[in-house]
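Asks: Below: one structure in structure tokens.
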Amino acid sequence: MTSTEHPRITGPPTPAFVIDESTLNILVSRFQNALAKYWPHSVMSYSVKTNPLPWLLTYMKRRGVWAEVVSDSEYRLVRAIGYEPGQIVYNGPVKSRAVLRAALRNGSLTNLDSKREVRWAAELAEEDPSLDVRVGLRVNWDLEGRCPGESTVDGETSRFGFDFDNGDLEAAISELAAAGANVVGLHMHRNSRTKSLAVYRAAAGVVAEIISKLNLDLDWIDIGGGFFGSPNDATRFDDYISCIHTELEAIVDLNRTRLVVEPGGSVIASSVEFHAQVLDTKDIGRQRFVITDTSRTDIDPLFRKKPVYDIDTEAALGTSHPEQVIVGFTCMEDDRLMVLKDSPKLVEGDRIVFRCVGAYTMSFGSSFIEFPPAVYALHENLLTLVRRAGDVEDYLQGNIWTGGQLPPTAAQLE
Ligand SMILES: Cc1ncc(COP(=O)(O)O)c(C=O)c1O
């Protein structure tokens, strides 16, 4: 290769997400192995909101991973994919009465998060004494107090679950028990800043305290998600489960009480890359703007990632530019993905691959200015289209409008 040749990266037509099945295999197997090693009587359930792509849900189901859902729509989605109710963990603060009753009747592992859900579950137990209503309760616990610096809600309290300290958790347990329903699970999920082991040690410690104080006999302890995972870190999942195990082994019977985990980002983030292309470049002042066919709406939809991505590009080797700003296709000034300093020069047509963009990207899929991009799965060097790019026809279909004509094709516009 001569010094100004462009290294070629193979990939699908841009813009597109590519899911690398081999990375997914590694991460899912690692999590399953960690559970098998330290808590065999356990449930791994995939956090559907993290990326609800049907191909991915089907993959998880095939791998024996349950589905963790947090809304009625997600519940119905995973049923449509083929999940049985008994393979669904049903969480979230806004369940409907109808889906909650169906979930409890049909054996979904259900964690209640609000007073109305407690009321509805109690109603069901009273109505049908032959039904064994078994529920979990989400616990509101003080992450910041136990692990300073870890809370993601600076100076404020978490809005989820029942507070143990103010008596709400105990009141919910009493209300359910009076109706003949059993509280057999605790749900501990908290997002944290560093995803450190200390957070999981603290969560398990709170479980131990509640079990001892309230003398609970639990079917499950749901520790939630929020883990860190990377193909380059072979031991992290082992470390998490081993530390939870250490904290709880003296308190619960590991052969009776199941550990439930709900990983999302830790298994899907690094399994997905985004393939984009340079559409144009523009020099203004000291900066060169590199305009692409992607946007932060695709790979950073909450506009809060640090502008440092692990990328690969086709920029010509042996060239250099002091400051290139990679920008998106939208009309927003802050649609700036990252700045490359003293890096090879990108030109029209060069491919850029952004790595580690699988979590909370497709689920926030945006129709702002452009419709959501295509998704491909990469399996043994073979790319398969698993979601076609959104288009005007899809958009019109879901809308009530006064028109009625099909949109013109690009060629018809010429
Ligand atoms: C209840 C619950 N479980 C699991 C997850 C998945 O978290 P993560 O994607 O960080 O693994 C979340 C995310 O916020 C959550 O709220």
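Ordering of the structure tokens sets the chain letters (A, B, ...); residue numbers start at 1 within each chain; ligands are numbered from 1 in the order shown.
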Find the residues of chain A that sit at most 6 Å from ligand 1; for each, write down the nearest two atoms and how far apart they are in Å, to one decimal. Count only C-alpha atoms and all ligand atoms. Sort by chain, then by number going up, and give it as a tab-separated table.

Replies:
residue	atom	partner	partner_atom_place_in_ligand_line	distance
A:Ser47	CA	ligand 1	4 (C)	5.1
A:Thr50	CA	ligand 1	9 (O)	5.5
A:His189	CA	ligand 1	1 (C)	5.4
A:Gly224	CA	ligand 1	3 (N)	4.7
A:Gly225	CA	ligand 1	4 (C)	3.9
A:Gly226	CA	ligand 1	10 (O)	3.2
A:Phe227	CA	ligand 1	11 (O)	5.3
A:Glu262	CA	ligand 1	4 (C)	4.7
A:Pro263	CA	ligand 1	11 (O)	4.0
A:Gly264	CA	ligand 1	9 (O)	3.5
A:Gly265	CA	ligand 1	9 (O)	3.7
A:Ser266	CA	ligand 1	11 (O)	5.5

Asks: Check segment 95-321 of chain A with DSSP on the backbone and list each residue it calls helix (DSSP H, G or I), as a PyMOL selection string.

Replies: chain A and resi 97-105+115-127+143-146+168-179+197-214+236-248+265-271+296-299

Asks: Figure out the distance between atom CA of Leu385 of chain A and atom CA of Gly358 of chain A, please, to one decimal in Å.

Replies: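 So the answer is 16.1 Å.
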
Asks: When you look at Gly107 of chain A with a cut-off of 12 Å (counting only C-alpha atoms), what residues show up, excluding the ones that are within fewer than 5 positions of it in the same chain? I need them as a count of residues only.

Replies: 16

Asks: Looking at only C-alpha atoms, which of A:Leu214, A:Leu396, A:Val69, A:Leu77 is the one that sits closest to Pro54 of chain A?

Replies: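 Of A:Leu214, A:Leu396, A:Val69, A:Leu77, the one nearest Pro54 of chain A, counting only C-alpha atoms, is A:Leu77.
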
Asks: Neighbouring residues of Glu126 of chain A were defined as those with any atom within 10 Å, considering only C-alpha atoms; residues of the same chain fewer than 2 positions away were excluded. Please report them as a list in words.

Replies: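 So the residues in contact are Trp120, Ala121, Ala122, Glu123, Leu124, Asp128, Pro129, Ser130, Leu131, Val133, Leu176, Ala178, Ala179, Gly180 and Ala181 of chain A.
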
Asks: May I have all residues of segment 94-299 of chain A that DSSP, computed from the backbone, assigns to strand (DSSP E), given as a ChimeraX atom specification?

Replies: /A:109-112,134-140,162-163,182-187,220-224,258-261,272-284,287-292

Asks: Find the distance between atom CA of Leu27 of chain A and atom CA of Tyr83 of chain A and write it in Å to one decimal.

Replies: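 Calculated distance between atom CA of Leu27 of chain A and atom CA of Tyr83 of chain A is 21.3 Å.
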
Asks: Can you list, as a count of residues only, every protein, DNA or RNA residue that comes within 12 Å of segment 328-339 of chain A when you count only C-alpha atoms, leaving out same-chain residues fewer than 3 positions away?

Replies: 47

Asks: So how far away is atom CA of Asn106 of chain A from atom CA of Arg256 of chain A, in Å?

Replies: 20.9 Å

Asks: So that I can check the surroundings of segment 205-211 of chain A, please list as a compact mmCIF listing (two decimals) with all heavy atoms, in the first residue's frame every protein, DNA and RNA residue that reaches within 7 Å of it, counting only C-alpha atoms and ignoring chain neighbours fewer than 4 positions away.

Replies:
# COMPACT_ATOMS: atom_id res chain seq x y z
N ARG A 201 -22.16 -5.09 45.82
CA ARG A 201 -21.95 -5.52 47.21
C ARG A 201 -22.96 -4.79 48.09
O ARG A 201 -23.61 -5.39 48.95
CB ARG A 201 -20.51 -5.17 47.63
CG ARG A 201 -20.01 -6.00 48.78
CD ARG A 201 -18.53 -5.78 49.03
NE ARG A 201 -17.65 -6.32 48.00
CZ ARG A 201 -16.77 -5.61 47.29
NH1 ARG A 201 -16.60 -4.33 47.50
NH2 ARG A 201 -16.03 -6.19 46.35
N ASN A 215 -37.64 -11.01 58.10
CA ASN A 215 -37.74 -12.46 58.13
C ASN A 215 -38.40 -13.02 56.86
O ASN A 215 -39.36 -13.77 56.91
CB ASN A 215 -38.55 -12.85 59.38
CG ASN A 215 -38.30 -14.30 59.74
OD1 ASN A 215 -37.31 -14.87 59.30
ND2 ASN A 215 -39.22 -14.89 60.49
N LEU A 216 -37.85 -12.61 55.69
CA LEU A 216 -38.44 -13.01 54.41
C LEU A 216 -37.83 -14.32 53.92
O LEU A 216 -36.66 -14.60 54.16
CB LEU A 216 -38.20 -11.93 53.35
CG LEU A 216 -38.79 -10.55 53.61
CD1 LEU A 216 -38.40 -9.59 52.48
CD2 LEU A 216 -40.31 -10.63 53.71
N GLU A 247 -21.72 -12.01 49.52
CA GLU A 247 -22.53 -11.17 50.42
C GLU A 247 -23.77 -11.90 50.93
O GLU A 247 -24.26 -11.62 52.01
CB GLU A 247 -22.94 -9.92 49.63
CG GLU A 247 -23.13 -8.66 50.41
CD GLU A 247 -21.87 -8.20 51.14
OE1 GLU A 247 -20.73 -8.45 50.67
OE2 GLU A 247 -22.04 -7.62 52.20
N LEU A 248 -24.27 -12.86 50.13
CA LEU A 248 -25.57 -13.45 50.47
C LEU A 248 -25.55 -14.91 50.87
O LEU A 248 -26.56 -15.44 51.34
CB LEU A 248 -26.53 -13.26 49.28
CG LEU A 248 -27.01 -11.81 49.08
CD1 LEU A 248 -27.68 -11.65 47.73
CD2 LEU A 248 -27.97 -11.42 50.20
N ILE A 251 -27.00 -15.92 54.12
CA ILE A 251 -28.35 -15.43 54.42
C ILE A 251 -29.44 -16.23 53.71
O ILE A 251 -30.53 -16.41 54.22
CB ILE A 251 -28.48 -13.94 53.99
CG1 ILE A 251 -27.34 -13.11 54.54
CG2 ILE A 251 -29.85 -13.34 54.35
CD1 ILE A 251 -27.48 -12.72 55.99

Asks: Residues of segment 173-237 of chain A within 12 Å of segment 35-40 of chain A: nearest atom pair and distance (Å, one decimal) for each, counting only C-alpha atoms, sorted by chain and number, as JSON lines?

Replies:
{"residue": "A:Trp220", "atom": "CA", "partner": "A:Trp39", "partner_atom": "CA", "distance": 11.8}
{"residue": "A:Ile221", "atom": "CA", "partner": "A:Trp39", "partner_atom": "CA", "distance": 11.4}
{"residue": "A:Phe237", "atom": "CA", "partner": "A:Leu35", "partner_atom": "CA", "distance": 8.5}

Asks: Keeping only N, CA and C atoms, write those residues as a PDB file, in the first residue's frame.

Replies:
ATOM      1  N   TRP A 220     -36.776 -15.210  44.778  1.00  0.00           N
ATOM      2  CA  TRP A 220     -35.752 -14.577  43.942  1.00  0.00           C
ATOM      3  C   TRP A 220     -35.214 -13.288  44.536  1.00  0.00           C
ATOM      4  N   ILE A 221     -33.962 -13.031  44.165  1.00  0.00           N
ATOM      5  CA  ILE A 221     -33.329 -11.733  44.432  1.00  0.00           C
ATOM      6  C   ILE A 221     -32.936 -11.214  43.063  1.00  0.00           C
ATOM      7  N   PHE A 237     -17.657 -10.281  34.742  1.00  0.00           N
ATOM      8  CA  PHE A 237     -18.953 -10.879  35.107  1.00  0.00           C
ATOM      9  C   PHE A 237     -18.769 -11.862  36.273  1.00  0.00           C
TER      10      PHE A 237
END

Asks: Extract, using only C-alpha atoms, all DNA, RNA and protein residues at most 12 Å from Pro148 of chain A, discarding same-chain residues fewer than 2 positions from it, and format them as a VMD selection string.

Replies: chain A and resid 142 to 146 150 to 155 192 to 194 196 198 to 199 202

Asks: Taking only C-alpha atoms into account, which of A:Thr157, A:Ser212, A:Ser230, A:Gln412 comes nearest Val272 of chain A?

Replies: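 The answer is A:Ser230, which sits nearest to Val272 of chain A.
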